[in-house]
Amino acid sequence: MIKWLGAALGAALILAIMLLLQTPAEFDWSLPEDYPLPLIPADNPMSAAKVQLGRMLFYDTRLSGNETMSCATCHIQALAFTDGKPRSLGSTGATHPRGSMSLVNTAYASRLTWANPLLDKLEDQALTPLFGDNPVEMGLGGHEQRAAELLRSESSYSQLVGKAFPNDADPHSIINAVRAIAAFVRSIVSYDSAYDRYLSGDTTAMTSAAVRGMDLFFSERLECFHCHGGFNFTDSTTHANSRVDTIGFHNTGLYNVDENGAYPEANTGLYDMTGEPRDMGRFKAPTLRNIAVTAPYMHDGSLATLDAVIAHYQRGGRLIEAGGDAGDGRLSPFKSEFVGGFELTVSEKADLIAFLQSLTDQTVLTDSRWSDPSQ
Amino acid sequence: MRTPYFIPLLLILLVSCAPAKTPFTLTFAPHWDGNAIECTGDSTQLTDLRFYVSALQLIDSDGSVIDAELENDGEWQNSDVALIDLEDGRGACVNGSTATRAFVQATAANGEYLRLAFTVGVPFEQNHANPMSAAAPLDDAAMHWHWRSGYKFLHAGFRNADRSFWMHLGSTGCEGTVQNISMCNAANRVVVEVPLESLKNLEIGIDLARLFATADGSDCSSGPAESACAQPFKALGLTHQDSVSDVQTVFALLP
């Protein structure tokens with residue numbers, strides 16, 4: 001009798017262990033408790049193996065047509081995954097009309113890139129740098145077979161691919177490479193800036209100048225928070241518990257080339273996607289996390305420093321006195337009502353900059369989870 | 001001699017087996033001012049010419065419209081859409097592919113047809129499905145606009161001593177999200193209709209001198225802000241901002 005019970009218990013234990021091994025372990029985001037979880041597409045669940053695979057692919061130049069460029073070429077960790085250029089350069093020398101963007105916390109972005117109302121998934125976004133031909137970024141179009149072969153033939157990849165996509169009959173596909181890259185990008189989250197530590201109770205984490213700057217940032221006088229609000233400092237934010245996606249696109253009066261509010265033809269923002277006149281010059285308010293390390297600023301890198309960005313808001317729109325883009329952005333009919341201009345003393349400006357600097361998270365800029373695995 | 005009873009039967013059988021459908025081929029050729037052009041050559045060169053053809057139809061004397069069937073060959077055409085590729089990657093076609101395909105293979109019910117119509121474009125359903133899992137001929141990454149959602153219906157470009165230009169045509173102003181587009185305000189599908197004498201030797205000339213009559217310098221990616229799109233859009237019978245047009249003048253049946 002005892003024997004039978006022992007055997008039954010043993011079998012049950014083995015069954016339980018098998019079941020445990022079957023269900024993939026919850027992905028460890030290591031997020032602070034009060035942080036919401038990101039939304040994950042049902043067809044691309046997170047796993048440690050997939051993120052590791054994505055990390056290798058993100059840094060692999062063999063994913064470009066001429067094998068010179070990886071995602072990391074334009075998204076450098078030390079620069080919060082931007083490239084330091086006003087506008088990015090593709091693998092064949094073409095200039096992108098816009099500048100690279102930080103990849104930190106894109107897991108929480110309700111819309112991706114500078115002004116695209118359609119792009120809501122990292123999986124879909126990655127296809128543009130990989131295959132886009134206007135401009136050519138990585139130029140992988142036509143080399144899909146070679147990339148799939150890389151996943152199959154190189155042992156460091158082929159093993160991980162099997163682990164990352166355990167249920168696929170043939171997991172060595174470009175679509176899985178894209179899923180893995182997206183999972184890696186999704187895993188890049190920031191929660192360890194001086195500002196975060198200050199919020200979680202460490203009152204010494206921020207300087208007093210930065211605290212004064214924070215009050216200015218969240219004031220009705222400066223209005224920054226209307227567009228750069230919430231834990232990710234952008235109103236285009238979503239997460240696992242949010243009931244609705246918030247999506248915001250705003251014209252900040254950066255240009256007014258024809259006195260009717262036009263932006264230069266190469267970058268009309270949301271208007272390029274919708275053709276609606278009222279969408280002229282409307283862009284996503286980017287996250288301000290790590291903003292001190294992502295110069296130059298704005299969609300076309302046309303403001304070199306944080307000082308220049310604040311001067312632009314202070315004036316209530318930028319004045320360009322000469323050249324093809326000349327015009328007074330302050331007078332643009334499309335400008336948001338939240339960019340009205342304000343008084344700001346020199347020391348207040350320094351405080352505001354100190355606050356923006358307190359949003360830098362050294363962990364996300366250096367952590368080996370997101371660094372080049374070959375280094 | 002007695003006529004075997006099965007002969008009339010055989011006749012009936014033969015008649016009913018005679019094909020009720022005619023296969024036909026629609027061929028395309030790039031031209032400049034009526035002269036054939038290629039990626040190589042001394043005067044005007046093609047720099048790109050690829051496009052999708054769908055909704056192939058024949059119109060008879062009563063005005064009834066008969067859908068022609070595309071043969072699904074698993075490579076250049078499925079049963080709804082065909083890819084035409086008139087560039088061979090040589091010479092000025094620097095971003096092209098070596099493979100070419102100049103024709104659509106189709107069948108139509110037998111009939112007396114007066115006109116032929118087709119659309120340059122991908123039908124809405126297939127246009128906004130996930131391109132990463134699409135079958136041929138919709139698996140060509142070079143013909144997709146990942147950030148706008150949908151295929152580029154037409155790639156066309158030329159270059160000569162005086163000027164050069166290229167355009168990518170596709171739907172814009174789409175609503176929804178990339179994998180769930182509900183509609184596009186500017187569908188930008190080109191409808192071509194030509195008179196017809198028979199279904200034999202059907203060849204359509206694409207005159208880039210008409211498509212790019214005055215286009216110069218920059219390029220057109222179908223964006224509403226791109227003023228350089230106005231002239232080529234007009235030639236394709238498409239509306240672009242204030243420039244309105246409804247009849248294309250680029251595609252014509254060659255004599």
# chains A, B, ... in the order shown; residues from 1 in each chain; ligands from 1
call {"tool": "select_by_dssp", "arguments": {"residues": "stretch 63-268 of chain A", "states": "alpha helix (DSSP H)", "output": "JSON, numbers by chain"}}
result
{"A": [71, 72, 73, 74, 122, 123, 124, 125, 127, 128, 129, 130, 131, 144, 145, 146, 147, 148, 149, 150, 151, 152, 153, 155, 156, 157, 158, 159, 160, 161, 162, 163, 164, 174, 175, 176, 177, 178, 179, 180, 181, 182, 183, 184, 185, 186, 194, 195, 196, 197, 198, 199, 208, 209, 210, 211, 212, 213, 214, 215, 216, 217, 224, 225, 226, 227]}
call {"tool": "select_by_dssp", "arguments": {"residues": "stretch 198-345 of chain A", "states": "strand (DSSP E)", "output": "PyMOL selection string"}}
result
chain A and resi 249-250+283-284+319-320+327-328
call {"tool": "write_last_selection", "arguments": {"atoms": "all heavy atoms", "output": "mmCIF file, in the first residue's frame"}}
result
data_model
loop_
_atom_site.group_PDB
_atom_site.id
_atom_site.type_symbol
_atom_site.label_atom_id
_atom_site.label_comp_id
_atom_site.auth_asym_id
_atom_site.auth_seq_id
_atom_site.Cartn_x
_atom_site.Cartn_y
_atom_site.Cartn_z
ATOM 1 N N PHE A 249 0.286 64.044 -30.958
ATOM 2 C CA PHE A 249 1.183 64.631 -31.960
ATOM 3 C C PHE A 249 0.991 66.142 -31.872
ATOM 4 O O PHE A 249 -0.146 66.613 -31.850
ATOM 5 C CB PHE A 249 0.828 64.147 -33.372
ATOM 6 C CG PHE A 249 1.023 62.669 -33.583
ATOM 7 C CD1 PHE A 249 -0.058 61.794 -33.562
ATOM 8 C CD2 PHE A 249 2.287 62.140 -33.805
ATOM 9 C CE1 PHE A 249 0.120 60.435 -33.754
ATOM 10 C CE2 PHE A 249 2.478 60.777 -33.997
ATOM 11 C CZ PHE A 249 1.393 59.920 -33.967
ATOM 12 N N HIS A 250 2.121 66.885 -31.809
ATOM 13 C CA HIS A 250 2.008 68.328 -31.569
ATOM 14 C C HIS A 250 2.927 69.125 -32.479
ATOM 15 O O HIS A 250 4.041 68.710 -32.771
ATOM 16 C CB HIS A 250 2.389 68.658 -30.120
ATOM 17 C CG HIS A 250 1.808 67.702 -29.126
ATOM 18 N ND1 HIS A 250 0.565 67.858 -28.581
ATOM 19 C CD2 HIS A 250 2.300 66.540 -28.608
ATOM 20 C CE1 HIS A 250 0.312 66.855 -27.755
ATOM 21 N NE2 HIS A 250 1.350 66.032 -27.755
ATOM 22 N N PHE A 283 4.373 66.324 -34.498
ATOM 23 C CA PHE A 283 5.285 65.217 -34.220
ATOM 24 C C PHE A 283 4.960 64.626 -32.858
ATOM 25 O O PHE A 283 4.307 65.269 -32.031
ATOM 26 C CB PHE A 283 6.741 65.708 -34.238
ATOM 27 C CG PHE A 283 7.248 66.052 -35.619
ATOM 28 C CD1 PHE A 283 7.018 67.303 -36.164
ATOM 29 C CD2 PHE A 283 7.922 65.109 -36.371
ATOM 30 C CE1 PHE A 283 7.460 67.614 -37.447
ATOM 31 C CE2 PHE A 283 8.376 65.406 -37.657
ATOM 32 C CZ PHE A 283 8.141 66.662 -38.194
ATOM 33 N N LYS A 284 5.467 63.409 -32.648
ATOM 34 C CA LYS A 284 5.336 62.797 -31.330
ATOM 35 C C LYS A 284 6.245 63.540 -30.350
ATOM 36 O O LYS A 284 7.368 63.895 -30.705
ATOM 37 C CB LYS A 284 5.760 61.324 -31.411
ATOM 38 C CG LYS A 284 5.644 60.584 -30.083
ATOM 39 C CD LYS A 284 5.856 59.086 -30.259
ATOM 40 C CE LYS A 284 7.320 58.689 -30.184
ATOM 41 N NZ LYS A 284 7.479 57.211 -30.056
ATOM 42 N N LEU A 319 12.313 81.397 -34.381
ATOM 43 C CA LEU A 319 12.462 82.352 -35.486
ATOM 44 C C LEU A 319 13.696 81.971 -36.300
ATOM 45 O O LEU A 319 14.796 81.879 -35.762
ATOM 46 C CB LEU A 319 12.641 83.772 -34.929
ATOM 47 C CG LEU A 319 12.918 84.857 -35.975
ATOM 48 C CD1 LEU A 319 11.715 85.062 -36.899
ATOM 49 C CD2 LEU A 319 13.305 86.175 -35.300
ATOM 50 N N ILE A 320 13.485 81.703 -37.588
ATOM 51 C CA ILE A 320 14.629 81.469 -38.478
ATOM 52 C C ILE A 320 14.679 82.681 -39.403
ATOM 53 O O ILE A 320 13.736 82.935 -40.160
ATOM 54 C CB ILE A 320 14.467 80.161 -39.282
ATOM 55 C CG1 ILE A 320 14.326 78.980 -38.310
ATOM 56 C CG2 ILE A 320 15.656 79.941 -40.216
ATOM 57 C CD1 ILE A 320 14.122 77.642 -38.994
ATOM 58 N N GLY A 327 11.391 81.899 -41.375
ATOM 59 C CA GLY A 327 9.997 82.104 -40.984
ATOM 60 C C GLY A 327 9.895 82.127 -39.468
ATOM 61 O O GLY A 327 10.811 81.701 -38.771
ATOM 62 N N ASP A 328 8.779 82.647 -38.962
ATOM 63 C CA ASP A 328 8.598 82.762 -37.516
ATOM 64 C C ASP A 328 7.605 81.712 -37.021
ATOM 65 O O ASP A 328 6.389 81.855 -37.198
ATOM 66 C CB ASP A 328 8.112 84.171 -37.164
ATOM 67 C CG ASP A 328 8.126 84.407 -35.660
ATOM 68 O OD1 ASP A 328 8.326 83.427 -34.901
ATOM 69 O OD2 ASP A 328 7.945 85.560 -35.240
#
call {"tool": "interface_residues", "arguments": {"of": "chain A", "to": "chain B", "cutoff": "7 Å", "atoms": "only C-alpha atoms", "output": "ChimeraX atom specification"}}
result
/A:118-120,125,127-128,131,141,175,265,272-275
call {"tool": "residues_around", "arguments": {"residues": "B:Ser79", "least_positions_apart": "2", "cutoff": "7 Å", "atoms": "only C-alpha atoms", "output": "PyMOL selection string"}}
result
chain B and resi 69-72+77+81
call {"tool": "residues_around", "arguments": {"residues": "stretch 189-192 of chain A", "least_positions_apart": "6", "cutoff": "7 Å", "atoms": "only C-alpha atoms", "output": "PDB file with N, CA, C and O atoms, in the first residue's frame"}}
result
ATOM      1  N   VAL A 104      15.038  53.648 -25.412  1.00  0.00           N
ATOM      2  CA  VAL A 104      14.735  53.377 -24.009  1.00  0.00           C
ATOM      3  C   VAL A 104      13.231  53.523 -23.776  1.00  0.00           C
ATOM      4  O   VAL A 104      12.629  54.519 -24.159  1.00  0.00           O
ATOM      5  N   ASN A 105      12.627  52.501 -23.171  1.00  0.00           N
ATOM      6  CA  ASN A 105      11.199  52.501 -22.850  1.00  0.00           C
ATOM      7  C   ASN A 105      10.282  52.538 -24.069  1.00  0.00           C
ATOM      8  O   ASN A 105       9.137  52.964 -23.963  1.00  0.00           O
ATOM      9  N   ASP A 361      19.857  57.885 -16.785  1.00  0.00           N
ATOM     10  CA  ASP A 361      19.929  56.624 -16.045  1.00  0.00           C
ATOM     11  C   ASP A 361      21.201  55.897 -16.473  1.00  0.00           C
ATOM     12  O   ASP A 361      21.251  55.278 -17.532  1.00  0.00           O
ATOM     13  N   THR A 363      22.442  53.247 -15.506  1.00  0.00           N
ATOM     14  CA  THR A 363      22.278  51.798 -15.639  1.00  0.00           C
ATOM     15  C   THR A 363      21.924  51.419 -17.077  1.00  0.00           C
ATOM     16  O   THR A 363      22.539  50.554 -17.679  1.00  0.00           O
ATOM     17  N   VAL A 364      20.937  52.130 -17.637  1.00  0.00           N
ATOM     18  CA  VAL A 364      20.500  51.747 -18.983  1.00  0.00           C
ATOM     19  C   VAL A 364      21.593  52.055 -20.012  1.00  0.00           C
ATOM     20  O   VAL A 364      21.689  51.404 -21.049  1.00  0.00           O
TER      21      VAL A 364
END
call {"tool": "residues_around", "arguments": {"residues": "stretch 201-215 of chain A", "least_positions_apart": "6", "cutoff": "8 Å", "atoms": "only C-alpha atoms", "output": "list in words"}}
result
Ala194, Tyr195, Glu348, Lys349, Ala350, Asp351, Leu352, Ile353, Ala354, Phe355, Leu356, Gln357 and Ser358 of chain A
call {"tool": "closest_residue", "arguments": {"among": "B:Glu125, B:Phe28, B:Asp33, B:Gln57", "to": "B:Ala213", "atoms": "only C-alpha atoms"}}
result
B:Asp33
call {"tool": "decode", "arguments": {"residues": "stretch 207-236 of chain B", "atoms": "N, CA and C atoms", "output": "compact mmCIF listing (two decimals), in the first residue's frame"}}
result
# COMPACT_ATOMS: atom_id res chain seq x y z
N ASP B 207 4.45 54.78 -71.26
CA ASP B 207 5.29 55.88 -71.74
C ASP B 207 5.77 56.76 -70.59
N LEU B 208 7.03 56.59 -70.22
CA LEU B 208 7.58 57.35 -69.10
C LEU B 208 7.73 58.83 -69.44
N ALA B 209 7.79 59.16 -70.74
CA ALA B 209 7.85 60.57 -71.12
C ALA B 209 6.53 61.26 -70.78
N ARG B 210 5.45 60.50 -70.76
CA ARG B 210 4.17 61.06 -70.32
C ARG B 210 4.07 61.05 -68.79
N LEU B 211 4.49 59.93 -68.20
CA LEU B 211 4.43 59.83 -66.73
C LEU B 211 5.23 60.95 -66.08
N PHE B 212 6.40 61.22 -66.66
CA PHE B 212 7.30 62.22 -66.06
C PHE B 212 7.47 63.43 -66.97
N ALA B 213 6.37 63.91 -67.56
CA ALA B 213 6.44 64.97 -68.57
C ALA B 213 7.31 66.15 -68.15
N THR B 214 7.11 66.63 -66.92
CA THR B 214 7.91 67.78 -66.49
C THR B 214 8.65 67.50 -65.19
N ALA B 215 8.47 66.28 -64.66
CA ALA B 215 9.07 65.96 -63.36
C ALA B 215 10.59 66.02 -63.45
N ASP B 216 11.21 66.60 -62.46
CA ASP B 216 12.66 66.77 -62.52
C ASP B 216 13.22 66.91 -61.11
N GLY B 217 14.48 66.54 -61.00
CA GLY B 217 15.22 66.84 -59.77
C GLY B 217 14.95 65.89 -58.64
N SER B 218 13.89 66.15 -57.88
CA SER B 218 13.66 65.34 -56.69
C SER B 218 12.94 64.05 -57.06
N ASP B 219 12.06 63.59 -56.22
CA ASP B 219 11.38 62.35 -56.47
C ASP B 219 9.99 62.44 -55.85
N CYS B 220 9.20 61.39 -56.02
CA CYS B 220 7.85 61.39 -55.47
C CYS B 220 7.60 60.08 -54.76
N SER B 221 7.33 60.13 -53.46
CA SER B 221 6.99 58.93 -52.71
C SER B 221 5.52 58.97 -52.29
N SER B 222 4.70 59.60 -53.11
CA SER B 222 3.24 59.66 -52.90
C SER B 222 2.81 60.50 -51.71
N GLY B 223 3.74 61.16 -51.03
CA GLY B 223 3.38 61.95 -49.86
C GLY B 223 2.57 63.17 -50.26
N PRO B 224 1.58 63.55 -49.43
CA PRO B 224 0.75 64.70 -49.78
C PRO B 224 1.53 66.01 -49.84
N ALA B 225 2.64 66.09 -49.08
CA ALA B 225 3.39 67.34 -49.07
C ALA B 225 4.37 67.44 -50.24
N GLU B 226 4.51 66.36 -51.01
CA GLU B 226 5.52 66.36 -52.05
C GLU B 226 4.97 67.01 -53.32
N SER B 227 5.34 68.26 -53.53
CA SER B 227 4.81 68.96 -54.70
C SER B 227 5.26 68.28 -56.00
N ALA B 228 6.40 67.58 -55.96
CA ALA B 228 6.88 66.91 -57.16
C ALA B 228 5.96 65.77 -57.60
N CYS B 229 5.01 65.38 -56.76
CA CYS B 229 4.09 64.29 -57.13
C CYS B 229 2.96 64.76 -58.04
N ALA B 230 2.69 66.06 -58.04
CA ALA B 230 1.48 66.55 -58.71
C ALA B 230 1.43 66.13 -60.18
N GLN B 231 2.51 66.38 -60.93
CA GLN B 231 2.48 66.08 -62.37
C GLN B 231 2.36 64.57 -62.65
N PRO B 232 3.23 63.72 -62.07
CA PRO B 232 3.06 62.28 -62.34
C PRO B 232 1.70 61.73 -61.87
N PHE B 233 1.19 62.23 -60.76
CA PHE B 233 -0.13 61.77 -60.30
C PHE B 233 -1.19 62.12 -61.34
N LYS B 234 -1.11 63.32 -61.88
CA LYS B 234 -2.09 63.74 -62.89
C LYS B 234 -2.02 62.80 -64.09
N ALA B 235 -0.80 62.46 -64.52
CA ALA B 235 -0.65 61.57 -65.67
C ALA B 235 -1.25 60.20 -65.40
N LEU B 236 -1.29 59.80 -64.11
CA LEU B 236 -1.84 58.50 -63.76
C LEU B 236 -3.34 58.56 -63.45
